[in-house]
>>> print(open('start05.txt').read())   # compact mmCIF, C-alpha atoms (C1' of nucleotides)
# COMPACT_ATOMS: atom_id res chain seq x y z
CA MET A 1 -94.62 83.81 12.63
CA LEU A 2 -92.14 84.66 9.90
CA ASP A 3 -95.15 84.93 7.64
CA ALA A 4 -96.20 88.18 9.28
CA ALA A 5 -92.70 89.60 8.82
CA VAL A 6 -92.67 88.63 5.15
CA ARG A 7 -96.05 90.26 4.65
CA VAL A 8 -95.01 93.53 6.25
CA PHE A 9 -91.60 93.63 4.59
CA SER A 10 -93.12 92.96 1.20
CA ARG A 11 -95.70 95.72 1.53
CA ARG A 12 -93.80 98.52 3.23
CA GLY A 13 -90.19 97.74 2.37
CA TYR A 14 -87.35 96.98 4.76
CA HIS A 15 -86.73 100.46 6.09
CA ALA A 16 -90.34 101.60 6.26
CA ALA A 17 -91.42 98.43 8.05
CA SER A 18 -91.32 98.96 11.79
CA MET A 19 -90.94 96.19 14.30
CA ASP A 20 -94.17 97.44 15.92
CA ASP A 21 -96.01 96.80 12.65
CA ILE A 22 -94.66 93.28 12.45
CA ALA A 23 -95.42 92.54 16.07
CA GLU A 24 -98.95 93.87 15.68
CA LEU A 25 -99.68 91.81 12.58
CA ALA A 26 -98.22 88.73 14.24
CA GLY A 27 -100.53 89.31 17.19
CA ILE A 28 -97.75 89.53 19.78
CA SER A 29 -95.74 92.35 21.30
CA LYS A 30 -92.40 93.69 20.23
CA PRO A 31 -90.17 92.17 22.92
CA MET A 32 -91.42 88.74 21.86
CA VAL A 33 -90.25 89.35 18.33
CA TYR A 34 -86.82 90.22 19.69
CA ALA A 35 -86.83 87.21 22.00
CA TYR A 36 -87.68 84.75 19.24
CA LEU A 37 -85.96 86.17 16.18
CA GLY A 38 -83.38 88.69 17.26
CA THR A 39 -82.79 92.08 15.72
CA LYS A 40 -84.51 93.53 12.70
CA GLU A 41 -81.60 92.67 10.45
CA GLU A 42 -81.49 89.06 11.63
CA LEU A 43 -85.24 88.85 11.13
CA PHE A 44 -84.98 90.05 7.57
CA VAL A 45 -82.14 87.68 6.80
CA ALA A 46 -84.25 84.87 8.22
CA CYS A 47 -87.09 85.80 5.87
CA LEU A 48 -84.67 85.99 2.97
CA HIS A 49 -83.22 82.61 3.79
CA ARG A 50 -86.52 80.84 4.17
CA GLU A 51 -88.06 82.20 1.00
CA GLY A 52 -84.85 81.75 -0.95
CA THR A 53 -84.39 78.17 0.15
CA ARG A 54 -87.99 77.34 -0.68
CA MET A 55 -87.62 78.80 -4.12
CA LEU A 56 -84.33 77.12 -4.93
CA GLU A 57 -85.64 73.78 -3.71
CA ALA A 58 -88.78 74.13 -5.79
CA ILE A 59 -86.70 74.73 -8.89
CA ALA A 60 -84.01 72.16 -8.20
CA GLY A 61 -86.65 69.54 -7.44
CA ALA A 62 -88.35 70.11 -10.76
CA ALA A 63 -85.34 70.26 -13.10
CA ALA A 64 -83.62 66.91 -12.76
CA PRO A 65 -80.07 66.95 -14.17
CA ASP A 66 -80.52 63.91 -16.41
CA LEU A 67 -83.21 65.40 -18.61
CA PRO A 68 -82.52 66.99 -22.00
CA THR A 69 -81.71 70.70 -21.87
CA ASP A 70 -84.94 72.07 -23.23
CA GLU A 71 -86.95 69.90 -20.90
CA ARG A 72 -84.89 70.99 -17.90
CA LEU A 73 -85.29 74.63 -18.87
CA TRP A 74 -89.02 74.23 -19.28
CA ARG A 75 -89.51 72.45 -15.95
CA GLY A 76 -87.29 74.90 -14.13
CA LEU A 77 -89.20 77.84 -15.53
CA ARG A 78 -92.51 76.25 -14.68
CA ALA A 79 -91.42 75.64 -11.11
CA PHE A 80 -90.05 79.16 -10.82
CA PHE A 81 -93.17 80.92 -12.05
CA GLY A 82 -95.33 78.56 -10.07
CA PHE A 83 -93.46 79.55 -6.94
CA VAL A 84 -93.76 83.25 -7.65
CA GLY A 85 -97.46 82.92 -8.36
CA ALA A 86 -98.02 81.08 -5.11
CA HIS A 87 -95.73 83.23 -2.93
CA ARG A 88 -95.99 86.75 -4.30
CA ASP A 89 -95.10 88.30 -0.97
CA GLY A 90 -92.04 86.11 -0.68
CA TRP A 91 -90.93 87.10 -4.15
CA ALA A 92 -91.36 90.78 -3.37
CA VAL A 93 -89.21 90.43 -0.26
CA LEU A 94 -86.56 88.43 -2.04
CA TYR A 95 -86.25 90.54 -5.08
CA ARG A 96 -87.71 93.98 -4.68
CA GLN A 97 -86.52 94.78 -1.17
CA ALA A 98 -83.12 93.20 -0.95
CA ARG A 99 -81.75 94.93 -4.02
CA GLY A 100 -79.53 97.83 -3.21
CA SER A 101 -79.83 97.55 0.55
CA GLN A 102 -76.15 97.09 1.28
CA PRO A 103 -76.32 94.67 4.23
CA PHE A 104 -78.32 92.12 2.25
CA ALA A 105 -76.99 92.59 -1.21
CA GLY A 106 -74.54 89.79 -0.52
CA GLU A 107 -77.21 87.31 0.49
CA LEU A 108 -79.26 87.94 -2.59
CA ALA A 109 -76.30 88.10 -4.92
CA ALA A 110 -75.16 84.69 -3.72
CA MET A 111 -78.55 83.18 -4.49
CA ARG A 112 -78.68 84.82 -7.85
CA THR A 113 -75.20 83.61 -8.63
CA ARG A 114 -76.22 80.07 -7.83
CA MET A 115 -79.12 80.31 -10.24
CA VAL A 116 -76.92 81.76 -12.95
CA GLU A 117 -74.40 79.00 -12.41
CA VAL A 118 -77.09 76.37 -12.74
CA VAL A 119 -78.34 77.83 -15.99
CA ALA A 120 -74.82 78.30 -17.34
CA GLY A 121 -73.94 74.75 -16.36
CA MET A 122 -76.99 73.50 -18.17
CA LEU A 123 -76.04 75.30 -21.35
CA ALA A 124 -72.41 74.19 -21.08
CA HIS A 125 -73.52 70.60 -20.65
CA ALA A 126 -75.65 70.79 -23.77
CA LEU A 127 -72.77 72.32 -25.71
CA ARG A 128 -70.27 69.70 -24.62
CA ALA A 129 -72.64 66.93 -25.53
CA ASP A 130 -72.63 68.52 -28.94
CA GLY A 131 -68.83 68.56 -29.05
CA ARG A 132 -68.57 72.35 -29.21
CA GLU A 133 -66.75 74.83 -26.99
CA VAL A 134 -67.62 78.39 -26.12
CA GLY A 135 -66.15 81.13 -23.92
CA GLU A 136 -66.98 80.94 -20.23
CA THR A 137 -67.89 84.60 -20.10
CA ASP A 138 -70.28 84.21 -23.01
CA LEU A 139 -72.11 81.45 -21.23
CA GLU A 140 -72.27 83.41 -18.01
CA VAL A 141 -73.66 86.45 -19.75
CA VAL A 142 -76.31 84.48 -21.63
CA ALA A 143 -77.30 82.86 -18.34
CA TYR A 144 -77.55 86.31 -16.75
CA ALA A 145 -79.84 87.43 -19.51
CA LEU A 146 -82.11 84.42 -19.09
CA VAL A 147 -82.26 84.83 -15.33
CA GLY A 148 -82.94 88.55 -15.69
CA ALA A 149 -85.71 87.99 -18.19
CA SER A 150 -87.32 85.47 -15.85
CA GLU A 151 -87.11 87.87 -12.94
CA SER A 152 -88.70 90.57 -15.00
CA LEU A 153 -91.59 88.32 -15.96
CA ALA A 154 -91.89 87.28 -12.33
CA ASP A 155 -92.40 90.92 -11.44
CA TRP A 156 -95.01 91.22 -14.13
CA LEU A 157 -96.72 88.13 -12.79
CA ALA A 158 -96.64 89.44 -9.22
CA ASP A 159 -98.40 92.61 -10.36
CA HIS A 160 -101.05 90.77 -12.39
CA PRO A 161 -102.96 88.50 -10.04
CA GLU A 162 -105.20 87.31 -12.83
CA ALA A 163 -102.28 86.02 -14.91
CA ASP A 164 -101.55 82.32 -15.13
CA PRO A 165 -98.08 81.23 -13.97
CA GLU A 166 -98.11 78.29 -16.37
CA GLN A 167 -98.78 80.48 -19.36
CA THR A 168 -96.15 82.96 -18.21
CA ALA A 169 -93.64 80.11 -18.12
CA THR A 170 -94.63 79.15 -21.64
CA ARG A 171 -94.05 82.68 -22.87
CA MET A 172 -90.69 82.87 -21.17
CA MET A 173 -89.70 79.55 -22.68
CA SER A 174 -90.70 80.80 -26.12
CA VAL A 175 -88.63 83.93 -26.07
CA ALA A 176 -85.66 82.32 -24.34
CA TRP A 177 -85.47 79.27 -26.48
CA LEU A 178 -86.62 80.51 -29.85
CA GLY A 179 -85.63 84.16 -29.82
CA ALA A 180 -87.55 87.14 -31.08
CA ALA A 181 -86.76 86.50 -34.74
CA GLN A 182 -88.30 83.02 -34.62
CA LEU A 183 -91.33 84.37 -32.79
CA LEU A 184 -91.83 87.05 -35.41
CA ALA A 185 -91.47 84.44 -38.11
CA GLY A 186 -94.35 82.51 -36.64
CA THR A 187 -92.54 79.61 -35.03
CA THR A 188 -94.04 78.61 -31.69
CA TRP A 189 -92.55 76.53 -28.97
CA PRO A 190 -94.68 73.45 -28.25
CA PRO A 191 -95.21 72.96 -24.52
CA PRO A 192 -95.11 69.28 -23.49
CA GLN A 193 -98.69 69.30 -22.23
CA VAL A 194 -101.29 71.51 -23.92
CA MET B 1 -74.72 119.81 -8.16
CA LEU B 2 -77.08 116.92 -8.75
CA ASP B 3 -73.99 114.90 -9.58
CA ALA B 4 -73.00 114.80 -5.92
CA ALA B 5 -76.45 113.59 -4.95
CA VAL B 6 -76.35 110.86 -7.60
CA ARG B 7 -72.95 109.73 -6.36
CA VAL B 8 -74.04 109.52 -2.74
CA PHE B 9 -77.38 107.88 -3.50
CA SER B 10 -75.74 105.31 -5.73
CA ARG B 11 -73.15 104.33 -3.15
CA ARG B 12 -75.09 104.38 0.10
CA GLY B 13 -78.67 103.89 -1.04
CA TYR B 14 -81.59 106.23 -0.57
CA HIS B 15 -82.23 105.65 3.12
CA ALA B 16 -78.62 105.38 4.24
CA ALA B 17 -77.64 108.55 2.38
CA SER B 18 -77.90 111.53 4.69
CA MET B 19 -78.41 115.07 3.51
CA ASP B 20 -75.23 115.99 5.39
CA ASP B 21 -73.25 113.55 3.26
CA ILE B 22 -74.63 115.04 0.07
CA ALA B 23 -74.00 118.59 1.21
CA GLU B 24 -70.46 117.73 2.22
CA LEU B 25 -69.63 116.07 -1.10
CA ALA B 26 -71.19 118.95 -2.99
CA GLY B 27 -68.99 121.34 -1.02
CA ILE B 28 -71.85 123.38 0.43
CA SER B 29 -73.87 123.24 3.61
CA LYS B 30 -77.16 121.53 4.22
CA PRO B 31 -79.53 124.52 4.21
CA MET B 32 -78.27 125.38 0.74
CA VAL B 33 -79.28 121.98 -0.52
CA TYR B 34 -82.74 122.61 0.87
CA ALA B 35 -82.84 126.09 -0.62
CA TYR B 36 -81.90 124.93 -4.10
CA LEU B 37 -83.47 121.51 -4.40
CA GLY B 38 -86.08 121.10 -1.68
CA THR B 39 -86.57 118.07 0.51
CA LYS B 40 -84.74 114.78 0.29
CA GLU B 41 -87.58 113.15 -1.58
CA GLU B 42 -87.76 115.93 -4.16
CA LEU B 43 -84.01 115.74 -4.55
CA PHE B 44 -84.13 112.03 -5.23
CA VAL B 45 -86.96 112.42 -7.71
CA ALA B 46 -84.93 115.11 -9.45
CA CYS B 47 -81.99 112.70 -9.77
CA LEU B 48 -84.31 110.00 -11.03
CA HIS B 49 -85.80 112.30 -13.61
CA ARG B 50 -82.54 113.60 -14.92
CA GLU B 51 -80.88 110.21 -15.27
CA GLY B 52 -84.03 108.64 -16.66
CA THR B 53 -84.53 111.34 -19.24
CA ARG B 54 -80.92 111.12 -20.33
CA MET B 55 -81.18 107.39 -20.76
CA LEU B 56 -84.44 107.42 -22.65
CA GLU B 57 -83.17 110.15 -24.95
CA ALA B 58 -79.98 108.25 -25.63
CA ILE B 59 -81.97 105.19 -26.64
CA ALA B 60 -84.68 107.01 -28.58
CA GLY B 61 -82.05 109.01 -30.44
CA ALA B 62 -80.28 105.87 -31.56
CA ALA B 63 -83.23 103.70 -32.62
CA ALA B 64 -84.95 105.62 -35.40
CA PRO B 65 -88.48 104.34 -36.10
CA ASP B 66 -87.98 103.89 -39.85
CA LEU B 67 -85.24 101.27 -39.59
CA PRO B 68 -85.90 97.55 -39.87
CA THR B 69 -86.73 95.81 -36.60
CA ASP B 70 -83.47 93.98 -36.01
CA GLU B 71 -81.47 97.11 -36.75
CA ARG B 72 -83.60 99.18 -34.34
CA LEU B 73 -83.19 96.54 -31.65
CA TRP B 74 -79.46 96.44 -32.15
CA ARG B 75 -79.01 100.20 -32.07
CA GLY B 76 -81.28 100.58 -29.06
CA LEU B 77 -79.36 97.93 -27.16
CA ARG B 78 -76.06 99.49 -28.08
CA ALA B 79 -77.23 102.90 -26.88
CA PHE B 80 -78.60 101.40 -23.69
CA PHE B 81 -75.48 99.51 -22.72
CA GLY B 82 -73.34 102.44 -23.77
CA PHE B 83 -75.28 104.65 -21.40
CA VAL B 84 -74.97 102.22 -18.52
CA GLY B 85 -71.26 101.82 -19.11
CA ALA B 86 -70.76 105.57 -19.11
CA HIS B 87 -73.09 106.40 -16.20
CA ARG B 88 -72.79 103.51 -13.79
CA ASP B 89 -73.76 105.68 -10.83
CA GLY B 90 -76.82 106.91 -12.64
CA TRP B 91 -77.84 103.38 -13.47
CA ALA B 92 -77.43 102.29 -9.86
CA VAL B 93 -79.66 105.12 -8.68
CA LEU B 94 -82.26 104.50 -11.34
CA TYR B 95 -82.50 100.80 -10.97
CA ARG B 96 -81.04 99.47 -7.78
CA GLN B 97 -82.31 102.13 -5.38
CA ALA B 98 -85.70 103.04 -6.71
CA ARG B 99 -87.00 99.48 -6.71
CA GLY B 100 -89.19 98.69 -3.79
CA SER B 101 -89.02 102.12 -2.19
CA GLN B 102 -92.70 102.87 -2.29
CA PRO B 103 -92.63 106.64 -2.92
CA PHE B 104 -90.59 106.23 -6.10
CA ALA B 105 -91.87 102.97 -7.42
CA GLY B 106 -94.32 104.93 -9.53
CA GLU B 107 -91.67 107.07 -11.17
CA LEU B 108 -89.56 104.11 -12.12
CA ALA B 109 -92.50 101.96 -13.16
CA ALA B 110 -93.63 104.68 -15.55
CA MET B 111 -90.22 104.81 -17.19
CA ARG B 112 -90.04 101.07 -17.44
CA THR B 113 -93.51 100.95 -18.92
CA ARG B 114 -92.45 103.41 -21.59
CA MET B 115 -89.53 101.21 -22.53
CA VAL B 116 -91.70 98.12 -22.64
CA GLU B 117 -94.21 99.95 -24.82
CA VAL B 118 -91.49 100.98 -27.22
CA VAL B 119 -90.22 97.43 -27.54
CA ALA B 120 -93.72 96.00 -27.83
CA GLY B 121 -94.60 98.58 -30.45
CA MET B 122 -91.50 97.65 -32.40
CA LEU B 123 -92.42 93.98 -32.40
CA ALA B 124 -96.05 94.74 -33.26
CA HIS B 125 -94.92 96.88 -36.18
CA ALA B 126 -92.76 94.10 -37.54
CA LEU B 127 -95.60 91.63 -37.17
CA ARG B 128 -98.11 93.83 -38.96
CA ALA B 129 -95.71 94.42 -41.79
CA ASP B 130 -95.69 90.67 -42.07
CA GLY B 131 -99.49 90.54 -42.14
CA ARG B 132 -99.76 88.56 -38.92
CA GLU B 133 -101.66 89.25 -35.71
CA VAL B 134 -100.82 88.28 -32.15
CA GLY B 135 -102.32 88.83 -28.71
CA GLU B 136 -101.52 92.14 -27.07
CA THR B 137 -100.65 90.47 -23.80
CA ASP B 138 -98.23 88.13 -25.54
CA LEU B 139 -96.38 91.05 -27.04
CA GLU B 140 -96.28 92.92 -23.76
CA VAL B 141 -94.90 89.89 -21.96
CA VAL B 142 -92.21 89.24 -24.54
CA ALA B 143 -91.25 92.90 -24.33
CA TYR B 144 -91.04 92.60 -20.55
CA ALA B 145 -88.73 89.64 -20.91
CA LEU B 146 -86.43 91.51 -23.28
CA VAL B 147 -86.33 94.59 -21.07
CA GLY B 148 -85.68 92.47 -18.00
CA ALA B 149 -82.87 90.58 -19.68
CA SER B 150 -81.28 93.88 -20.69
CA GLU B 151 -81.54 95.23 -17.18
CA SER B 152 -79.93 92.12 -15.82
CA LEU B 153 -77.02 92.43 -18.21
CA ALA B 154 -76.77 96.11 -17.34
CA ASP B 155 -76.30 95.10 -13.72
CA TRP B 156 -73.65 92.64 -14.74
CA LEU B 157 -71.95 95.34 -16.76
CA ALA B 158 -72.09 97.82 -13.87
CA ASP B 159 -70.34 95.27 -11.66
CA HIS B 160 -67.64 94.43 -14.22
CA PRO B 161 -65.75 97.62 -15.04
CA GLU B 162 -63.47 95.78 -17.42
CA ALA B 163 -66.35 94.58 -19.58
CA ASP B 164 -67.07 96.20 -22.92
CA PRO B 165 -70.56 97.72 -23.34
CA GLU B 166 -70.46 97.07 -27.07
CA GLN B 167 -69.76 93.40 -26.61
CA THR B 168 -72.42 93.17 -23.94
CA ALA B 169 -74.92 94.61 -26.39
CA THR B 170 -73.86 92.01 -28.95
CA ARG B 171 -74.42 89.20 -26.49
CA MET B 172 -77.82 90.54 -25.53
CA MET B 173 -78.76 90.85 -29.16
CA SER B 174 -77.74 87.26 -29.76
CA VAL B 175 -79.81 85.73 -27.02
CA ALA B 176 -82.80 87.99 -27.61
CA TRP B 177 -82.94 87.65 -31.32
CA LEU B 178 -81.74 84.11 -31.90
CA GLY B 179 -82.75 82.34 -28.70
CA ALA B 180 -80.85 79.76 -26.72
CA ALA B 181 -81.60 76.91 -29.11
CA GLN B 182 -80.04 78.74 -32.05
CA LEU B 183 -77.03 79.67 -29.95
CA LEU B 184 -76.53 76.10 -28.90
CA ALA B 185 -76.84 75.02 -32.51
CA GLY B 186 -73.93 77.28 -33.39
CA THR B 187 -75.75 80.09 -35.17
CA THR B 188 -74.31 83.51 -34.36
CA TRP B 189 -75.81 86.87 -34.87
CA PRO B 190 -73.65 89.04 -37.15
CA PRO B 191 -73.17 92.54 -35.75
CA PRO B 192 -73.23 95.27 -38.43
CA GLN B 193 -69.65 96.35 -37.73
CA VAL B 194 -67.09 93.81 -36.58
C1' DG C 1 -67.60 155.16 7.87
C1' DC C 2 -72.28 153.11 8.37
C1' DG C 3 -76.64 150.78 7.08
C1' DT C 4 -78.36 147.05 4.44
C1' DA C 5 -79.11 143.13 1.81
C1' DA C 6 -77.79 138.82 -0.19
C1' DC C 7 -75.71 134.75 1.08
C1' DC C 8 -74.02 131.15 3.86
C1' DT C 9 -73.06 128.57 8.34
C1' DT C 10 -73.55 126.66 12.85
C1' DA C 11 -76.51 124.81 15.98
C1' DC C 12 -80.85 123.29 17.25
C1' DG C 13 -85.98 121.19 17.60
C1' DC C 14 -88.44 117.46 16.67
C1' DA C 15 -90.21 112.94 15.26
C1' DC C 16 -89.59 108.29 14.67
C1' DG C 17 -88.16 103.80 15.57
C1' DA C 18 -84.78 100.15 17.38
C1' DG C 19 -83.86 97.82 21.37
C1' DT C 20 -84.64 97.09 26.72
C1' DA C 21 -85.92 97.33 31.81
C1' DG C 22 -89.13 96.41 34.92
C1' DG C 23 -93.61 94.81 36.10
C1' DT C 24 -97.68 91.35 35.81
C1' DA C 25 -100.35 87.12 35.13
C1' DT C 26 -100.49 82.05 34.62
C1' DG C 27 -99.13 77.51 35.60
C1' DC C 28 -96.13 74.16 38.21
C1' DT C 29 -93.84 72.24 42.51
C1' DC C 30 -93.98 71.02 47.29
C1' DG D 1 -101.90 77.42 49.69
C1' DA D 2 -96.83 79.57 49.48
C1' DG D 3 -92.87 79.87 46.38
C1' DC D 4 -91.04 79.88 41.93
C1' DA D 5 -90.50 80.00 36.95
C1' DT D 6 -92.11 80.94 32.57
C1' DA D 7 -94.37 83.84 29.20
C1' DC D 8 -95.72 88.10 28.14
C1' DC D 9 -96.69 93.29 27.99
C1' DT D 10 -96.32 98.42 28.97
C1' DA D 11 -93.47 102.08 29.04
C1' DC D 12 -89.10 103.81 28.64
C1' DT D 13 -84.13 105.34 26.77
C1' DC D 14 -81.34 106.59 23.25
C1' DG D 15 -79.48 107.42 18.74
C1' DT D 16 -80.16 109.18 14.28
C1' DG D 17 -81.29 112.25 10.75
C1' DC D 18 -84.65 115.52 8.51
C1' DG D 19 -85.77 120.13 8.25
C1' DT D 20 -85.13 125.14 10.18
C1' DA D 21 -84.18 129.35 13.07
C1' DA D 22 -80.90 132.40 14.52
C1' DG D 23 -76.36 134.40 13.77
C1' DG D 24 -71.99 135.68 11.04
C1' DT D 25 -69.64 137.48 6.62
C1' DT D 26 -68.99 139.99 2.39
C1' DA D 27 -70.22 143.50 -0.94
C1' DC D 28 -72.47 147.53 -2.22
C1' DG D 29 -75.02 152.07 -1.74
C1' DC D 30 -75.04 156.60 0.70
>>> encode(input="start05.txt", output="structure tokens")
Amino acid sequence: MLDAAVRVFSRRGYHAASMDDIAELAGISKPMVYAYLGTKEELFVACLHREGTRMLEAIAGAAAPDLPTDERLWRGLRAFFGFVGAHRDGWAVLYRQARGSQPFAGELAAMRTRMVEVVAGMLAHALRADGREVGETDLEVVAYALVGASESLADWLADHPEADPEQTATRMMSVAWLGAAQLLAGTTWPPPQV
Amino acid sequence: MLDAAVRVFSRRGYHAASMDDIAELAGISKPMVYAYLGTKEELFVACLHREGTRMLEAIAGAAAPDLPTDERLWRGLRAFFGFVGAHRDGWAVLYRQARGSQPFAGELAAMRTRMVEVVAGMLAHALRADGREVGETDLEVVAYALVGASESLADWLADHPEADPEQTATRMMSVAWLGAAQLLAGTTWPPPQV
DNA sequence: GCGTAACCTTACGCACGAGTAGGTATGCTC
DNA sequence: GAGCATACCTACTCGTGCGTAAGGTTACGC
């Protein structure tokens, strides 16, 4: 039921998607959509929530907190790209539509913030284990960069159906963990399972 | 004249912005907007073009092709974040509004592709100078990651008026060039001018 | 002083889409 | 089999906002 809404929203965008379109694709009539799911805005928020929750759970389930940092990063990335590869429509709704649309910016921003916090917390944990300290803002900004890079690659993945999510995760891990200089120097990041 | 349109589009979003709003802020009446700039869609594309051209020129002007790779990256990043810091409205229009809106996805995608190509070309050049070869897709994907990370930090910068573009560029350079592992190990990237 | 032309405004037509009122069929109770 | 409820659809109202047609104002030529 929500699946039809996600499909339509992902293809046409929030504003261009009409409730008639959604009702038609779902195989029911418009008043039914209103009866079951409320207004258009509530419907979109419901889509956002479902897809967002699924994604966060997929990632959180994969990256257990007691693993070493690089392993957590790798598993989180793999889960993330795996999700995007398997739910391209959901990703498009979550990321491409909700941006900028004022009513939903908050919803998305909150989710994004949670992801950034998780990444920042991971880095902070690794640093403290090492006995070092670093500015909170620095950590936050680095986490933003990592999340942004992942989102960008997710977009790339969504537009390239032939691409392999696993390999995309490997590439992201390489650039995030090693940095461009190391990559240019020939160092490669060894994935746990080749 | 276009400035008013950029302001309104950046604050209210493409769909929510009415031509009446734009005309009012510009201090003229609606038919004049149509006389000078055509339909709403053409107007938005015009905004997109102007801001996009300005940004690309700012970056291209800063990162001369004959510099070493790390210096080009650094100067390009500095120009990019400087632009975003100085034209936050323009950035919001370019990036936050155009995403997802089908009619303009092409315009933005083309610009983004150009930036990715520039970064990929830069990396390829450095690799060839080193006598090494690497898959074209790999380069493209790494470039996507770097561009995405920069965009994410640009968003962060746009939302934090107190933040310093220069310092943001430094942070981006650190994570892109050194990678998270190096950062955690305590290595820092030395900016040319402290 | 009067026509005229450039320029601008007010006020409207029109389409589109969100949300709803009223009507119809199907199954359940007595 | 009559009465009722549930589930659903067709057809409508209403607001909103793009794009434009008709009318006013100022400056200049004659």
>>> atom_distance(input="start05.txt", atom1="CA of Ala176 in chain B", atom2="CA of Ala180 in chain A")
5.9 Å
>>> residues_around(input="start05.txt", residues="DG19 in chain C", least_positions_apart="5", cutoff="10 Å", atoms="all atoms listed in the file", output="ChimeraX atom specification")
/A:30-31,34,39-40 /D:13-14
>>> residues_near_point(input="start05.txt", point="(-78.2, 82.8, -8.4)", cutoff="12 Å", atoms="only C-alpha atoms (C1' of nucleotides)", output="number ranges by chain")
A: 52-53, 55-56, 59, 94-95, 106-120, 140, 143-144, 146-148, 151
>>> residues_around(input="start05.txt", residues="DG17 in chain D", least_positions_apart="2", cutoff="12 Å", atoms="only C-alpha atoms (C1' of nucleotides)", output="JSON, numbers by chain")
{"B": [15, 16, 17, 18, 19, 20, 21, 40], "C": [14, 15, 16, 17], "D": [15, 19]}
>>> residues_around(input="start05.txt", residues="Glu166 in chain B", least_positions_apart="2", cutoff="9 Å", atoms="only C-alpha atoms (C1' of nucleotides)", output="list of chain:residue names")
B:Leu77, B:Arg78, B:Ala79, B:Phe81, B:Gly82, B:Ala163, B:Asp164, B:Thr168, B:Ala169, B:Thr170, B:Arg171
